[in-house]
$ cat query21.cif   # mmCIF, C-alpha atoms
data_coords
loop_
_atom_site.label_atom_id
_atom_site.label_comp_id
_atom_site.auth_asym_id
_atom_site.auth_seq_id
_atom_site.Cartn_x
_atom_site.Cartn_y
_atom_site.Cartn_z
CA MET A 1 100.06 118.20 93.36
CA ALA A 2 101.62 114.82 92.61
CA PRO A 3 104.00 113.46 95.24
CA THR A 4 107.74 113.39 94.66
CA LEU A 5 108.82 109.82 94.03
CA LYS A 6 112.11 107.97 93.96
CA VAL A 7 111.99 106.37 90.53
CA LEU A 8 114.29 103.58 89.43
CA LEU A 9 115.01 103.96 85.73
CA ALA A 10 116.52 101.26 83.51
CA ASP A 11 117.02 101.57 79.76
CA ASP A 12 119.96 100.30 77.73
CA GLU A 13 119.60 103.05 75.12
CA PRO A 14 121.61 105.98 76.53
CA LEU A 15 119.79 108.76 74.68
CA ASN A 16 116.37 107.43 75.67
CA ALA A 17 117.53 106.96 79.25
CA LEU A 18 118.88 110.50 79.53
CA ALA A 19 115.75 111.99 77.96
CA LEU A 20 113.49 110.02 80.28
CA ARG A 21 115.57 110.97 83.29
CA ALA A 22 115.30 114.65 82.35
CA GLN A 23 111.53 114.32 81.93
CA LEU A 24 111.12 112.64 85.31
CA GLU A 25 113.26 115.27 87.03
CA THR A 26 111.28 118.04 85.31
CA LEU A 27 108.16 116.49 86.89
CA GLY A 28 109.87 116.75 90.29
CA HIS A 29 110.88 113.13 90.80
CA GLU A 30 114.23 111.82 92.03
CA VAL A 31 115.75 109.36 89.57
CA ILE A 32 117.82 106.36 90.64
CA GLY A 33 119.95 105.30 87.70
CA PRO A 34 119.58 105.03 84.82
CA ALA A 35 120.70 101.41 84.78
CA ALA A 36 121.91 100.13 81.43
CA ASP A 37 121.07 96.47 82.04
CA GLY A 38 118.76 94.23 84.03
CA PRO A 39 121.20 93.04 86.74
CA THR A 40 122.20 96.64 87.53
CA ALA A 41 118.54 97.61 87.82
CA VAL A 42 117.94 94.80 90.32
CA ASP A 43 121.02 95.82 92.32
CA LEU A 44 119.92 99.47 92.42
CA ALA A 45 116.44 98.45 93.59
CA ARG A 46 118.01 96.47 96.43
CA GLU A 47 120.32 99.34 97.42
CA HIS A 48 117.76 102.15 97.29
CA PRO A 49 114.20 102.29 98.71
CA VAL A 50 112.45 103.25 95.46
CA ASP A 51 108.78 104.17 95.10
CA LEU A 52 108.42 103.17 91.46
CA ALA A 53 110.41 101.38 88.75
CA ILE A 54 110.42 102.15 85.04
CA LEU A 55 112.14 99.35 83.12
CA ASP A 56 112.85 98.86 79.44
CA ILE A 57 111.52 95.47 78.38
CA HIS A 58 114.61 94.58 76.30
CA MET A 59 117.88 94.92 78.20
CA PRO A 60 121.14 92.95 78.23
CA GLY A 61 121.87 90.51 81.03
CA LEU A 62 118.29 90.34 82.23
CA SER A 63 115.09 91.36 80.48
CA GLY A 64 112.97 94.11 81.95
CA LEU A 65 110.28 91.57 82.80
CA GLU A 66 112.68 89.27 84.65
CA ALA A 67 114.19 92.28 86.43
CA ALA A 68 110.65 93.29 87.38
CA ARG A 69 110.03 89.86 88.90
CA GLN A 70 113.22 90.00 90.96
CA ILE A 71 112.65 93.59 92.09
CA PHE A 72 109.05 92.89 93.02
CA ALA A 73 110.00 89.73 94.93
CA ALA A 74 112.53 91.67 97.01
CA ARG A 75 110.37 94.77 97.58
CA PRO A 76 106.98 95.19 95.88
CA VAL A 77 106.68 98.55 94.11
CA PRO A 78 104.65 99.80 91.15
CA ILE A 79 106.45 98.86 87.92
CA ILE A 80 106.06 100.41 84.48
CA VAL A 81 107.56 98.65 81.47
CA LEU A 82 108.86 100.51 78.42
CA THR A 83 108.59 98.82 75.05
CA GLY A 84 109.04 99.72 71.43
CA TYR A 85 106.52 97.07 70.50
CA SER A 86 102.76 96.85 70.92
CA ASP A 87 102.27 93.32 69.62
CA SER A 88 100.07 90.92 71.58
CA GLU A 89 102.96 88.59 72.50
CA THR A 90 104.90 91.40 74.18
CA ILE A 91 101.79 92.53 76.05
CA SER A 92 100.96 88.98 77.17
CA HIS A 93 104.47 88.56 78.60
CA ALA A 94 104.06 91.86 80.46
CA VAL A 95 100.71 90.68 81.84
CA ASP A 96 102.41 87.59 83.29
CA ALA A 97 104.96 89.73 85.15
CA PRO A 98 104.36 92.06 88.14
CA VAL A 99 103.81 95.02 85.82
CA PHE A 100 101.17 97.64 86.56
CA HIS A 101 101.39 99.68 83.36
CA PHE A 102 103.40 99.87 80.17
CA LEU A 103 104.39 102.64 77.81
CA ILE A 104 105.22 102.37 74.13
CA LYS A 105 108.24 104.35 72.93
CA PRO A 106 108.82 107.12 72.08
CA ILE A 107 107.64 108.62 75.35
CA SER A 108 106.78 112.26 75.89
CA ILE A 109 106.69 114.08 79.20
CA ASP A 110 102.89 114.20 78.90
CA ASP A 111 102.76 110.39 78.91
CA LEU A 112 104.43 110.04 82.29
CA PRO A 113 102.06 111.57 84.89
CA PRO A 114 99.00 109.50 83.85
CA ALA A 115 101.13 106.33 83.50
CA ILE A 116 102.62 106.82 86.96
CA SER A 117 99.19 107.54 88.42
CA VAL A 118 97.67 104.41 86.85
CA ALA A 119 100.58 102.21 87.95
CA ARG A 120 100.41 103.46 91.53
CA SER A 121 96.61 103.10 91.68
CA ARG A 122 96.79 99.53 90.36
CA PHE A 123 99.58 98.73 92.80
CA LEU A 124 97.59 100.07 95.76
CA GLU A 125 94.59 98.03 94.62
CA TRP A 126 96.79 94.92 94.35
CA ARG A 127 98.19 95.55 97.84
CA ARG A 128 94.71 96.03 99.30
CA PHE A 129 93.45 92.79 97.76
CA THR A 130 96.60 90.97 98.90
CA GLU A 131 96.17 92.22 102.48
CA GLU A 132 92.47 91.26 102.44
CA ALA A 133 93.31 87.78 101.15
CA ALA A 134 95.99 87.35 103.82
CA SER A 135 93.54 88.51 106.50
CA LEU A 136 90.91 86.05 105.32
CA ALA A 137 93.48 83.26 105.26
CA ARG A 138 94.52 84.10 108.84
CA LYS A 139 90.89 84.13 109.98
CA LEU A 140 90.29 80.76 108.34
CA GLU A 141 93.43 79.33 109.93
CA ASN A 142 92.43 80.70 113.36
CA ARG A 143 88.94 79.26 113.03
CA THR A 144 90.40 75.86 112.12
CA VAL A 145 92.69 75.94 115.18
CA ILE A 146 89.77 76.84 117.46
CA GLU A 147 87.62 74.07 115.98
CA GLN A 148 90.43 71.56 116.54
CA ALA A 149 90.85 72.67 120.15
CA LYS A 150 87.11 72.36 120.69
CA ARG A 151 87.23 68.78 119.42
CA VAL A 152 90.09 67.99 121.82
CA LEU A 153 88.06 69.35 124.73
CA MET A 154 84.97 67.45 123.62
CA VAL A 155 86.90 64.16 123.44
CA VAL A 156 89.07 64.52 126.55
CA ARG A 157 86.63 66.33 128.86
CA HIS A 158 83.45 65.04 127.23
CA PHE A 159 82.18 68.59 126.85
CA SER A 160 79.47 69.55 124.44
CA GLU A 161 80.51 71.87 121.62
CA PRO A 162 78.99 74.97 123.31
CA GLU A 163 80.73 74.05 126.59
CA ALA A 164 84.08 73.63 124.85
CA TYR A 165 83.65 76.99 123.12
CA ARG A 166 82.72 78.73 126.40
CA LEU A 167 85.80 77.26 128.08
CA LEU A 168 88.08 78.65 125.37
CA GLN A 169 86.25 81.98 125.47
CA ARG A 170 86.58 82.37 129.24
CA ALA A 171 90.23 81.31 129.20
CA SER A 172 90.85 83.91 126.49
CA GLN A 173 89.21 86.63 128.58
CA SER A 174 90.87 85.69 131.87
CA ARG A 175 94.34 85.48 130.30
CA ASN A 176 93.80 88.52 128.07
CA GLN A 177 94.89 86.45 125.06
CA PRO A 178 93.26 85.93 121.68
CA MET A 179 91.14 82.79 121.66
CA VAL A 180 93.29 81.28 118.93
CA GLU A 181 96.35 81.46 121.21
CA VAL A 182 94.46 79.61 123.94
CA ALA A 183 93.36 77.05 121.34
CA ARG A 184 96.94 76.58 120.16
CA ALA A 185 98.05 76.00 123.74
CA VAL A 186 95.37 73.33 124.13
CA LEU A 187 96.49 71.61 120.96
CA MET A 188 100.18 71.79 121.86
CA ALA A 189 99.63 70.40 125.33
CA GLN A 190 96.80 68.08 124.38
CA GLY A 191 95.59 69.14 127.81
CA LEU A 192 93.05 71.56 129.18
CA PRO A 193 92.83 74.96 130.78
CA PRO A 194 92.00 74.75 134.48
CA ASP A 195 88.55 76.28 133.97
CA SER A 196 85.41 74.18 133.93
CA PRO A 197 82.45 75.02 131.66
CA ASP A 198 80.12 74.75 134.62
CA GLU A 199 81.95 77.33 136.70
#
$ encode --input "query21.cif" --output "structure tokens"
Amino acid sequence: MAPTLKVLLADDEPLNALALRAQLETLGHEVIGPAADGPTAVDLAREHPVDLAILDIHMPGLSGLEAARQIFAARPVPIIVLTGYSDSETISHAVDAPVFHFLIKPISIDDLPPAISVARSRFLEWRRFTEEAASLARKLENRTVIEQAKRVLMVVRHFSEPEAYRLLQRASQSRNQPMVEVARAVLMAQGLPPDSPDE
């Protein structure tokens, strides 16, 4: 059974908005909105912790794509864009925005479950890749800090590279701190831990 989601809905065509709201509620979702323009959609997304946003691409005040950018910047969620057009220019603009799926009007209730599933799956994949990239960046940054601290120890104490590494390693263990924190302390102080590599 699909989970119940809080879905932000924005469409400036009242009949379409009401029909889509009814379809989403029939599927068991809670609908926030519908918003009739882009700025209202952004405001609703900031006021309510939504799980998904469905935005019409053409709205007054702010396009659906620009609203998607602002919503995603404030709180990343899966976003589906509604459009009455399937031309390549419209699709290319949607690709440039944080959009995880799009639907071409008119939309039936049968269109929604697979679209929501695809958007959420793509969003989870994006989040996983983003977290992995951030983790790799942190590891690279930590390694750089440790290498810099090793060079400081090699210059100031005249240690070999293995001796400098062992000093940082033992200081990390004795202080119960990550090695990168010990390395940062060395760099900040431009001094040395009290340990000696020969101890």
$ axis_aligned_box --input "query21.cif" --around "segment 5-10 of chain A" --padding-each-side "8 Å" --output "JSON"
{"center_x": 112.7, "center_y": 105.5, "center_z": 88.8, "size_x": 23.7, "size_y": 24.6, "size_z": 26.5}
$ resolve_selection --input "query21.cif" --expression "the PyMOL selection byres ((chain A and resi 116) around 9)" --output "PyMOL selection string"
chain A and resi 52+78-80+101+111-115+117-121
$ resolve_selection --input "query21.cif" --expression "the PyMOL selection byres ((chain A and resi 11-17) around 7)" --output "list in words"
Leu9, Ala10, Leu18, Ala19, Leu20, Arg21, Pro34, Ala35, Ala36, Asp37, Leu55, Asp56 and Met59 of chain A
$ resolve_selection --input "query21.cif" --expression "the PyMOL selection byres ((chain A and resi 166-169) around 12)" --output "number ranges by chain"
A: 145-154, 157, 159-165, 170-187, 192-199
$ closest_residue --input "query21.cif" --among "A:Pro106, A:Gly38, A:Pro3, A:Gly84" --to "Ala53 of chain A" --atoms "only C-alpha atoms"
A:Gly38
